[in-house]
Number of protein chains: 2
Amino acid sequence: MRVEDAPDPVVEQPTDAVVRVVRACVCGSDLHPYHTMAAADGPAPMGHEFLGVVEELGPEVSGLSRGDLVVSPFSYADNTCEYCREGLHTSCPRGGFFNSAGVGGGQAEAIRVPQAQGTLVKLPVGEDSELLPGLLTLADVYGTGYHAAHMARVRPGHTVTVIGDGAVGLLAVLSARQLGAEQIILMGRHRNRTDLGRFFGATDVVPERGEEGIAKVRELTGGHGTRAVLEAVGHMPAYEMAVGAVRAGGVISRVGVPQYEAAPVGFGSLFGPNVTLTGGPAPVRAYIEQLLPAVLDGTVEPGRVFDRTVSLEEVPDAYRAMDRREALKVLVVP
Amino acid sequence: MRVEDAPDPVVEQPTDAVVRVVRACVCGSDLHPYHTMAAADGPAPMGHEFLGVVEELGPEVSGLSRGDLVVSPFSYADNTCEYCREGLHTSCPRGGFFNSAGVGGGQAEAIRVPQAQGTLVKLPVGEDSELLPGLLTLADVYGTGYHAAHMARVRPGHTVTVIGDGAVGLLAVLSARQLGAEQIILMGRHRNRTDLGRFFGATDVVPERGEEGIAKVRELTGGHGTRAVLEAVGHMPAYEMAVGAVRAGGVISRVGVPQYEAAPVGFGSLFGPNVTLTGGPAPVRAYIEQLLPAVLDGTVEPGRVFDRTVSLEEVPDAYRAMDRREALKVLVVP
């Protein structure tokens with residue numbers, strides 16, 4: 001992991017914008033290439049969560065001006081196609097992900113944003129606002145946690161289990177609370193994280209895993225399990241816990257990127273009890289306008305997931321700290 | 001497969017009823033034990049679809065009288081617990097399935113029905129009604145097809161693929177049509193069945209299977225696939241076709257009992273395109289009151305799935321004919 005000088009990004013397509021990054025951060029999913037990418041593969045841009053100031057605009061971008069403070073979802077999209085209109089921006093045919101196909105990353109001084117008009121959302125605060133960390137969570141982790149709860153159709157009075165005490169899991173707790181869940185069981189073992197989970201609305205914390213963890217959830221729910229299970233990890237043991245913790249007729253909603261392809265879905269797991277499996281990469285663009293007001297007025301404080309701040313030069317330390325679970329989520333101030 | 005004299009069923013529990021069977025039938029799922037059960041296992045009752053006349057009632061059954069013509073769902077349930085109140089009768093803790101735990105089958109002259117008050121639904125017609133075949137489909141195949149469409153949240157204007165041209169698949173077509181689907185693609189290869197599917201509302205028929213079948217569905221939907229896929233088969237190739245035919249953000253709804261436990265659900269199948277997997281054994285009791293009026297007034301004719309009628313003595317021929325695909329669904333008149 002190293003920091004390198006790269007050419008300044010420029011407008012390449014008429015629908016592009018160039019954004020000077022004001023805040024970025026490191027995502028749990030950034031740790032996957034951190035583990036697997038070889039140095040020999042050469043320099044690669046990293047990061048997909050950022051907010052910043054518009055510096056340049058392509059001629060086809062309207063609704064934005066130079067100097068606007070904007071937040072970007074972790075994937076870009078035109079926001080006009082039939083998928084975007086349904087709120088499924090991650091399936092936009094003109095959309096894509098940062099750090100690929102010639103598009104850079106958010107852990108940088110500046111970044112080129114394709115489909116800028118459909119992607120970027122103007123923020124009604126200044127560069128010096130204390131709300132920037134909370135607003136930055138709209139780029140990924142808050143919208144992803146919300147996607148989990150939304151796809152699980154969490155409603156007032158529902159019971160919910162959240163698997164995983166990373167930033168997404170904790171903000172899935174917050175989202176389930178916002179949607180009116182009555183009982184929210186957070187499965188996680190890191191005390192400082194689960195404490196934040198309680199602050200966000202968790203009513204119970206289960207540090208146990210596997211069969212023991214499932215038994216605890218069942219114990220807390222009169223033997224039934226919870227109506228929704230929000231799975232924010234992505235490994236097979238988390239899937240198995242989800243199957244064990246969900247109530248008959250309930251929903252398992254996954255936002256942890258699955259590190260497996262095949263999983264149990266037959267009579268003995270999902271089919272027999274009419275359990276629904278849903279979720280996927282979050283179309284966070286679909287949720288930004290909806291989640292923004294409560295961040296702006298301080299009703300919710302998703303920015304509390306950041307427990308460390310680094311400069312761009314210190315980003316390698318940030319990866320190390322998150323990888324060792326010394327930091328929950330690291331804010332980057334370029 | 002043989003027909004044997006068995007002791008007359010009697011009321012054993014105060015919540016039981018004994019019903020004289022007026023119409024029964026053979027289900028596609030009856031063919032599983034037909035293939036696998038050894039004669040050496042001894043005599044076993046068969047069948048789980050029937051309507052008939054109440055002959056005896058336990059002292060705790062109210063709302064029913066001797067002489068009532070009633071239809072029974074393929075599973076019994078109390079219709080009062082929290083699962084039943086949510087419409088998930090197949091998860092009723094006091095419920096169960098016929099042909100097990102001392103409860104007999106529907107391919108008989110009479111049957112004991114546990115939880116009779118919650119299970120049986122009185123029919124406002126006589127034993128000689130021409131509507132009996134249609135009303136009998138409420139016991140399983142119509143309610144199961146409807147469950148597939150209901151769980152997939154089919155709405156007016158939606159596109160739907162139905163996999164399987166058995167009775168359940170054909171009635172899933174009918175149900176999708178009732179819920180307002182605009183395009184209904186039926187995947188099936190038996191011309192007489194797919195013709196009935198067209199009568200029930202299929203707009204397109206795809207006889208191809210596998211990759212070829214998927215390509216046809218994509219071709220018929222501008223490359224997108226359909227918003228809902230109703231899977232009424234239960235074998236892995238049908239699951240794979242469902243994954244290939246579903247639109248991003250869509251729903252695969254299974255009512256064919258899965259003959260597999262593990263299946264692809266990762267980034268490359270369900271997760272990446274935010275596809276939802278749902279379904280299970282249908283709580284048909286939940287749908288009977290809702291589906292009944294259109295059967296009674298002839299708006300829908302689900303009874304058209306029956307293409308052969310046999311006596312109780314001829315039931316072994318009925319299994320043979322269905323197994324050889326010579327009959328779609330066989331009506332039994334004891």
# chains A, B, ... in the order shown; residues from 1 in each chain; ligands from 1
>>> interface_residues(of="chain A", to="chain B", cutoff="10 Å", atoms="only C-alpha atoms", output="ChimeraX atom specification")
/A:83,86-88,90-92,151,234,248-283
>>> residues_around(residues="region 19-28 of chain B", least_positions_apart="5", cutoff="7 Å", atoms="only C-alpha atoms", output="VMD selection string")
chain B and resid 47 49 to 55 106 to 112 329 to 334
>>> atom_distance(atom1="CA of Glu12 (chain B)", atom2="CA of Arg94 (chain B)")
15.2 Å
>>> select_by_dssp(residues="region 107-282 of chain A", states="alpha helix (DSSP H)", output="VMD selection string")
chain A and resid 116 to 119 132 to 136 141 to 151 167 to 178 191 to 200 210 to 220 236 to 245
>>> residues_around(residues="region 117-128 of chain A", least_positions_apart="3", cutoff="6 Å", atoms="only C-alpha atoms", output="NGL selection string")
:A and (61 or 69-72 or 76-79)
>>> residues_around(residues="Gly157 (chain A)", least_positions_apart="4", cutoff="7 Å", atoms="only C-alpha atoms", output="PyMOL selection string")
chain A and resi 180-182
>>> write_last_selection(atoms="N, CA, C and O atoms", output="JSON list (two decimals), in the first residue's frame")
[["chain", "number", "residue", "atom", "x", "y", "z"],
["A", 180, "GLY", "N", -38.62, 1.75, 12.17],
["A", 180, "GLY", "CA", -39.59, 1.43, 13.22],
["A", 180, "GLY", "C", -39.43, 0.08, 13.88],
["A", 180, "GLY", "O", -40.31, -0.33, 14.66],
["A", 181, "ALA", "N", -38.34, -0.64, 13.61],
["A", 181, "ALA", "CA", -38.16, -1.95, 14.24],
["A", 181, "ALA", "C", -38.22, -1.81, 15.76],
["A", 181, "ALA", "O", -37.74, -0.84, 16.33],
["A", 182, "GLU", "N", -38.83, -2.81, 16.39],
["A", 182, "GLU", "CA", -39.02, -2.73, 17.83],
["A", 182, "GLU", "C", -37.88, -3.43, 18.56],
["A", 182, "GLU", "O", -37.36, -2.94, 19.54]]
>>> residues_around(residues="region 31-38 of chain A", least_positions_apart="4", cutoff="9 Å", atoms="only C-alpha atoms", output="ChimeraX atom specification")
/A:1,26-27,42,319,322-323
>>> write_last_selection(atoms="all heavy atoms", output="PDB file, in the first residue's frame")
ATOM      1  N   MET A   1       0.855  -1.195   0.000  1.00  0.00           N
ATOM      2  CA  MET A   1       0.000   0.000   0.000  1.00  0.00           C
ATOM      3  C   MET A   1       0.878   1.228   0.000  1.00  0.00           C
ATOM      4  O   MET A   1       1.700   1.402   0.916  1.00  0.00           O
ATOM      5  CB  MET A   1      -0.844  -0.038   1.296  1.00  0.00           C
ATOM      6  CG  MET A   1      -1.907   1.039   1.380  1.00  0.00           C
ATOM      7  SD  MET A   1      -3.430   0.470   0.598  1.00  0.00           S
ATOM      8  CE  MET A   1      -4.004   2.007  -0.120  1.00  0.00           C
ATOM      9  N   VAL A  26     -11.998   4.784   4.142  1.00  0.00           N
ATOM     10  CA  VAL A  26     -11.616   3.419   3.787  1.00  0.00           C
ATOM     11  C   VAL A  26     -12.795   2.515   4.122  1.00  0.00           C
ATOM     12  O   VAL A  26     -13.365   2.586   5.215  1.00  0.00           O
ATOM     13  CB  VAL A  26     -10.357   2.963   4.555  1.00  0.00           C
ATOM     14  CG1 VAL A  26      -9.964   1.543   4.146  1.00  0.00           C
ATOM     15  CG2 VAL A  26      -9.203   3.933   4.313  1.00  0.00           C
ATOM     16  N   CYS A  27     -13.155   1.657   3.164  1.00  0.00           N
ATOM     17  CA  CYS A  27     -14.315   0.765   3.298  1.00  0.00           C
ATOM     18  C   CYS A  27     -13.831  -0.631   3.680  1.00  0.00           C
ATOM     19  O   CYS A  27     -12.730  -1.051   3.292  1.00  0.00           O
ATOM     20  CB  CYS A  27     -15.048   0.698   1.963  1.00  0.00           C
ATOM     21  SG  CYS A  27     -16.615  -0.192   2.014  1.00  0.00           S
ATOM     22  N   GLY A  42       1.287  -3.244 -10.170  1.00  0.00           N
ATOM     23  CA  GLY A  42       1.465  -1.828 -10.493  1.00  0.00           C
ATOM     24  C   GLY A  42       0.493  -0.950  -9.732  1.00  0.00           C
ATOM     25  O   GLY A  42      -0.390  -1.456  -9.031  1.00  0.00           O
ATOM     26  N   TYR A 319      -5.495   1.528   6.442  1.00  0.00           N
ATOM     27  CA  TYR A 319      -5.799   0.143   6.046  1.00  0.00           C
ATOM     28  C   TYR A 319      -5.318  -0.823   7.129  1.00  0.00           C
ATOM     29  O   TYR A 319      -6.033  -1.767   7.499  1.00  0.00           O
ATOM     30  CB  TYR A 319      -5.106  -0.188   4.713  1.00  0.00           C
ATOM     31  CG  TYR A 319      -5.889   0.265   3.504  1.00  0.00           C
ATOM     32  CD1 TYR A 319      -5.918   1.602   3.127  1.00  0.00           C
ATOM     33  CD2 TYR A 319      -6.602  -0.648   2.722  1.00  0.00           C
ATOM     34  CE1 TYR A 319      -6.643   2.030   2.011  1.00  0.00           C
ATOM     35  CE2 TYR A 319      -7.314  -0.239   1.603  1.00  0.00           C
ATOM     36  CZ  TYR A 319      -7.328   1.097   1.246  1.00  0.00           C
ATOM     37  OH  TYR A 319      -8.038   1.498   0.146  1.00  0.00           O
ATOM     38  N   MET A 322      -7.611  -0.703  10.197  1.00  0.00           N
ATOM     39  CA  MET A 322      -8.910  -1.346   9.987  1.00  0.00           C
ATOM     40  C   MET A 322      -8.753  -2.858   9.861  1.00  0.00           C
ATOM     41  O   MET A 322      -9.573  -3.624  10.361  1.00  0.00           O
ATOM     42  CB  MET A 322      -9.608  -0.763   8.756  1.00  0.00           C
ATOM     43  CG  MET A 322     -10.240   0.588   9.056  1.00  0.00           C
ATOM     44  SD  MET A 322     -11.122   1.325   7.644  1.00  0.00           S
ATOM     45  CE  MET A 322     -12.380   0.099   7.306  1.00  0.00           C
ATOM     46  N   ASP A 323      -7.679  -3.263   9.200  1.00  0.00           N
ATOM     47  CA  ASP A 323      -7.444  -4.698   9.027  1.00  0.00           C
ATOM     48  C   ASP A 323      -7.239  -5.385  10.376  1.00  0.00           C
ATOM     49  O   ASP A 323      -7.691  -6.516  10.577  1.00  0.00           O
ATOM     50  CB  ASP A 323      -6.223  -4.902   8.129  1.00  0.00           C
ATOM     51  CG  ASP A 323      -6.073  -6.349   7.699  1.00  0.00           C
ATOM     52  OD1 ASP A 323      -7.109  -6.975   7.391  1.00  0.00           O
ATOM     53  OD2 ASP A 323      -4.941  -6.848   7.680  1.00  0.00           O
TER      54      ASP A 323
END
>>> select_by_dssp(residues="region 159-293 of chain A", states="strand (DSSP E or B)", output="PyMOL selection string")
chain A and resi 159-163+183-187+204-206+226-231+246-254+262-264+276-279
>>> write_last_selection(atoms="N, CA, C and O atoms", output="CSV table (one decimal), in the first residue's frame")
chain,number,residue,atom,x,y,z
A,159,THR,N,-39.2,-7.4,14.3
A,159,THR,CA,-38.0,-7.8,15.0
A,159,THR,C,-36.9,-8.0,13.9
A,159,THR,O,-37.2,-8.5,12.8
A,160,VAL,N,-35.7,-7.6,14.3
A,160,VAL,CA,-34.6,-7.6,13.3
A,160,VAL,C,-33.3,-8.2,13.9
A,160,VAL,O,-33.0,-7.8,15.1
A,161,THR,N,-32.6,-9.0,13.2
A,161,THR,CA,-31.3,-9.4,13.6
A,161,THR,C,-30.3,-8.7,12.7
A,161,THR,O,-30.5,-8.8,11.4
A,162,VAL,N,-29.2,-8.1,13.1
A,162,VAL,CA,-28.2,-7.6,12.3
A,162,VAL,C,-26.9,-8.4,12.5
A,162,VAL,O,-26.5,-8.5,13.7
A,163,ILE,N,-26.4,-9.0,11.5
A,163,ILE,CA,-25.2,-9.8,11.6
A,163,ILE,C,-24.0,-9.0,11.1
A,163,ILE,O,-23.9,-8.6,10.0
A,183,GLN,N,-37.5,-4.6,18.1
A,183,GLN,CA,-36.4,-5.4,18.7
A,183,GLN,C,-35.3,-5.5,17.6
A,183,GLN,O,-35.6,-5.9,16.5
A,184,ILE,N,-34.1,-5.0,18.0
A,184,ILE,CA,-33.0,-5.1,17.0
A,184,ILE,C,-31.8,-5.8,17.8
A,184,ILE,O,-31.3,-5.3,18.7
A,185,ILE,N,-31.6,-7.0,17.3
A,185,ILE,CA,-30.5,-7.9,17.9
A,185,ILE,C,-29.2,-7.7,17.1
A,185,ILE,O,-29.2,-8.1,15.9
A,186,LEU,N,-28.2,-7.2,17.7
A,186,LEU,CA,-26.9,-7.0,16.9
A,186,LEU,C,-26.0,-8.2,17.3
A,186,LEU,O,-25.7,-8.4,18.5
A,187,MET,N,-25.6,-8.9,16.3
A,187,MET,CA,-24.6,-10.0,16.5
A,187,MET,C,-23.2,-9.4,16.2
A,187,MET,O,-22.9,-9.1,15.0
A,204,ASP,N,-30.6,-5.5,21.8
A,204,ASP,CA,-29.9,-6.7,22.3
A,204,ASP,C,-28.6,-6.9,21.6
A,204,ASP,O,-28.5,-6.6,20.4
A,205,VAL,N,-27.6,-7.4,22.3
A,205,VAL,CA,-26.3,-7.7,21.6
A,205,VAL,C,-26.0,-9.2,21.8
A,205,VAL,O,-26.1,-9.7,23.0
A,206,VAL,N,-25.6,-9.9,20.8
A,206,VAL,CA,-25.3,-11.3,20.9
A,206,VAL,C,-23.8,-11.5,20.4
A,206,VAL,O,-23.6,-11.4,19.2
A,226,THR,N,-36.1,-13.8,14.2
A,226,THR,CA,-36.6,-12.5,13.9
A,226,THR,C,-37.1,-12.5,12.4
A,226,THR,O,-36.7,-13.2,11.6
A,227,ARG,N,-38.0,-11.6,12.2
A,227,ARG,CA,-38.7,-11.4,10.9
A,227,ARG,C,-37.7,-11.0,9.8
A,227,ARG,O,-37.9,-11.4,8.7
A,228,ALA,N,-36.7,-10.2,10.2
A,228,ALA,CA,-35.7,-9.8,9.2
A,228,ALA,C,-34.3,-10.2,9.8
A,228,ALA,O,-34.1,-10.1,11.0
A,229,VAL,N,-33.4,-10.6,8.9
A,229,VAL,CA,-32.0,-10.7,9.3
A,229,VAL,C,-31.2,-9.9,8.2
A,229,VAL,O,-31.3,-10.2,7.0
A,230,LEU,N,-30.5,-8.9,8.7
A,230,LEU,CA,-29.7,-8.1,7.8
A,230,LEU,C,-28.2,-8.6,7.9
A,230,LEU,O,-27.6,-8.5,9.0
A,231,GLU,N,-27.7,-9.1,6.8
A,231,GLU,CA,-26.4,-9.8,6.8
A,231,GLU,C,-25.4,-8.9,6.2
A,231,GLU,O,-25.4,-8.7,5.0
A,246,VAL,N,-33.5,-16.6,11.3
A,246,VAL,CA,-34.7,-15.9,10.7
A,246,VAL,C,-36.0,-16.7,11.1
A,246,VAL,O,-36.0,-17.9,11.2
A,247,ARG,N,-37.0,-15.9,11.2
A,247,ARG,CA,-38.3,-16.5,11.5
A,247,ARG,C,-39.0,-17.1,10.3
A,247,ARG,O,-38.7,-16.6,9.2
A,248,ALA,N,-39.8,-18.1,10.4
A,248,ALA,CA,-40.6,-18.6,9.3
A,248,ALA,C,-41.3,-17.5,8.6
A,248,ALA,O,-41.9,-16.6,9.3
A,249,GLY,N,-41.3,-17.4,7.3
A,249,GLY,CA,-41.9,-16.3,6.6
A,249,GLY,C,-41.1,-15.0,6.6
A,249,GLY,O,-41.6,-14.0,6.0
A,250,GLY,N,-39.9,-15.0,7.1
A,250,GLY,CA,-39.1,-13.8,7.2
A,250,GLY,C,-38.2,-13.6,6.0
A,250,GLY,O,-38.3,-14.4,5.0
A,251,VAL,N,-37.3,-12.6,6.2
A,251,VAL,CA,-36.5,-12.2,5.1
A,251,VAL,C,-35.0,-12.2,5.5
A,251,VAL,O,-34.7,-11.6,6.6
A,252,ILE,N,-34.1,-12.8,4.8
A,252,ILE,CA,-32.7,-12.6,4.9
A,252,ILE,C,-32.3,-11.6,3.9
A,252,ILE,O,-32.5,-11.8,2.7
A,253,SER,N,-31.7,-10.4,4.3
A,253,SER,CA,-31.3,-9.4,3.4
A,253,SER,C,-29.8,-9.2,3.5
A,253,SER,O,-29.3,-8.8,4.5
A,254,ARG,N,-29.1,-9.5,2.3
A,254,ARG,CA,-27.7,-9.5,2.4
A,254,ARG,C,-27.1,-8.2,1.7
A,254,ARG,O,-27.5,-7.8,0.6
A,262,ALA,N,-22.3,-20.9,-4.0
A,262,ALA,CA,-23.4,-21.8,-3.7
A,262,ALA,C,-23.7,-21.7,-2.2
A,262,ALA,O,-22.8,-21.5,-1.4
A,263,ALA,N,-24.9,-21.9,-1.8
A,263,ALA,CA,-25.3,-21.9,-0.4
A,263,ALA,C,-26.6,-22.6,-0.3
A,263,ALA,O,-27.3,-22.8,-1.3
A,264,PRO,N,-27.0,-23.1,1.0
A,264,PRO,CA,-28.2,-23.8,1.1
A,264,PRO,C,-29.4,-23.0,0.9
A,264,PRO,O,-29.5,-21.9,1.5
A,276,THR,N,-37.5,-15.6,2.6
A,276,THR,CA,-37.1,-14.9,1.4
A,276,THR,C,-35.6,-14.4,1.5
A,276,THR,O,-35.2,-14.0,2.6
A,277,LEU,N,-34.9,-14.6,0.4
A,277,LEU,CA,-33.5,-14.1,0.4
A,277,LEU,C,-33.4,-12.9,-0.6
A,277,LEU,O,-33.8,-13.1,-1.7
A,278,THR,N,-32.9,-11.8,-0.1
A,278,THR,CA,-32.8,-10.7,-0.9
A,278,THR,C,-31.6,-9.9,-0.7
A,278,THR,O,-30.7,-10.3,0.1
A,279,GLY,N,-31.4,-8.7,-1.3
A,279,GLY,CA,-30.2,-7.9,-1.1
A,279,GLY,C,-29.3,-7.9,-2.3
A,279,GLY,O,-29.5,-8.6,-3.3
>>> atom_distance(atom1="CA of Asp195 (chain A)", atom2="CA of Leu174 (chain A)")
12.7 Å
>>> closest_residue(among="A:Thr194, A:Arg2, A:Val300, A:Asn99", to="Asp317 (chain A)", atoms="only C-alpha atoms")
A:Arg2
>>> residues_around(residues="Arg218 (chain A)", least_positions_apart="6", cutoff="7 Å", atoms="only C-alpha atoms", output="ChimeraX atom specification")
/A:224-225,245
>>> write_last_selection(atoms="C-alpha atoms", output="short mmCIF file (atom, residue, chain, number, x, y, z; two decimals), in the first residue's frame")
data_model
loop_
_atom_site.label_atom_id
_atom_site.label_comp_id
_atom_site.auth_asym_id
_atom_site.auth_seq_id
_atom_site.Cartn_x
_atom_site.Cartn_y
_atom_site.Cartn_z
CA HIS A 224 -39.20 -17.91 16.64
CA GLY A 225 -36.21 -16.00 15.29
CA ALA A 245 -31.90 -16.76 13.10
#
>>> residues_around(residues="region 129-135 of chain A", least_positions_apart="3", cutoff="6 Å", atoms="only C-alpha atoms", output="ChimeraX atom specification")
/A:126,138,302-303
>>> atom_distance(atom1="CA of Thr144 (chain B)", atom2="CA of Ala172 (chain B)")
7.6 Å
>>> decode(residues="region 109-127 of chain B", atoms="N, CA and C atoms", output="mmCIF file, in the first residue's frame")
data_model
loop_
_atom_site.group_PDB
_atom_site.id
_atom_site.type_symbol
_atom_site.label_atom_id
_atom_site.label_comp_id
_atom_site.auth_asym_id
_atom_site.auth_seq_id
_atom_site.Cartn_x
_atom_site.Cartn_y
_atom_site.Cartn_z
ATOM 1 N N GLU B 109 -62.015 -43.176 0.594
ATOM 2 C CA GLU B 109 -63.459 -42.917 0.697
ATOM 3 C C GLU B 109 -63.769 -41.888 1.768
ATOM 4 N N ALA B 110 -62.902 -41.852 2.781
ATOM 5 C CA ALA B 110 -63.118 -40.908 3.883
ATOM 6 C C ALA B 110 -61.780 -40.593 4.529
ATOM 7 N N ILE B 111 -61.737 -39.469 5.257
ATOM 8 C CA ILE B 111 -60.479 -39.034 5.849
ATOM 9 C C ILE B 111 -60.742 -38.275 7.146
ATOM 10 N N ARG B 112 -59.844 -38.448 8.098
ATOM 11 C CA ARG B 112 -59.893 -37.666 9.336
ATOM 12 C C ARG B 112 -59.110 -36.374 9.116
ATOM 13 N N VAL B 113 -59.728 -35.251 9.441
ATOM 14 C CA VAL B 113 -59.077 -33.948 9.267
ATOM 15 C C VAL B 113 -58.819 -33.329 10.638
ATOM 16 N N PRO B 114 -57.556 -33.206 11.034
ATOM 17 C CA PRO B 114 -57.248 -32.528 12.300
ATOM 18 C C PRO B 114 -57.487 -31.022 12.157
ATOM 19 N N GLN B 115 -57.650 -30.341 13.288
ATOM 20 C CA GLN B 115 -57.866 -28.874 13.289
ATOM 21 C C GLN B 115 -58.925 -28.496 12.262
ATOM 22 N N ALA B 116 -60.038 -29.233 12.296
ATOM 23 C CA ALA B 116 -61.056 -29.107 11.240
ATOM 24 C C ALA B 116 -61.609 -27.687 11.136
ATOM 25 N N GLN B 117 -61.808 -27.034 12.267
ATOM 26 C CA GLN B 117 -62.410 -25.699 12.233
ATOM 27 C C GLN B 117 -61.519 -24.705 11.496
ATOM 28 N N GLY B 118 -60.227 -24.817 11.694
ATOM 29 C CA GLY B 118 -59.300 -23.904 11.037
ATOM 30 C C GLY B 118 -58.980 -24.313 9.614
ATOM 31 N N THR B 119 -59.210 -25.584 9.307
ATOM 32 C CA THR B 119 -58.731 -26.136 8.045
ATOM 33 C C THR B 119 -59.788 -26.127 6.948
ATOM 34 N N LEU B 120 -60.973 -26.624 7.263
ATOM 35 C CA LEU B 120 -61.988 -26.856 6.223
ATOM 36 C C LEU B 120 -62.740 -25.564 5.884
ATOM 37 N N VAL B 121 -63.030 -25.408 4.618
ATOM 38 C CA VAL B 121 -63.796 -24.241 4.161
ATOM 39 C C VAL B 121 -65.070 -24.740 3.488
ATOM 40 N N LYS B 122 -66.194 -24.231 3.994
ATOM 41 C CA LYS B 122 -67.496 -24.649 3.473
ATOM 42 C C LYS B 122 -67.702 -24.110 2.061
ATOM 43 N N LEU B 123 -68.226 -24.953 1.188
ATOM 44 C CA LEU B 123 -68.472 -24.549 -0.200
ATOM 45 C C LEU B 123 -69.968 -24.349 -0.416
ATOM 46 N N PRO B 124 -70.367 -23.266 -1.069
ATOM 47 C CA PRO B 124 -71.800 -22.970 -1.244
ATOM 48 C C PRO B 124 -72.402 -23.635 -2.479
ATOM 49 N N VAL B 125 -72.045 -24.884 -2.713
ATOM 50 C CA VAL B 125 -72.619 -25.626 -3.847
ATOM 51 C C VAL B 125 -72.938 -27.034 -3.368
ATOM 52 N N GLY B 126 -73.662 -27.770 -4.205
ATOM 53 C CA GLY B 126 -74.020 -29.141 -3.852
ATOM 54 C C GLY B 126 -73.027 -30.144 -4.404
ATOM 55 N N GLU B 127 -73.187 -31.375 -3.949
ATOM 56 C CA GLU B 127 -72.296 -32.471 -4.366
ATOM 57 C C GLU B 127 -72.334 -32.738 -5.858
#
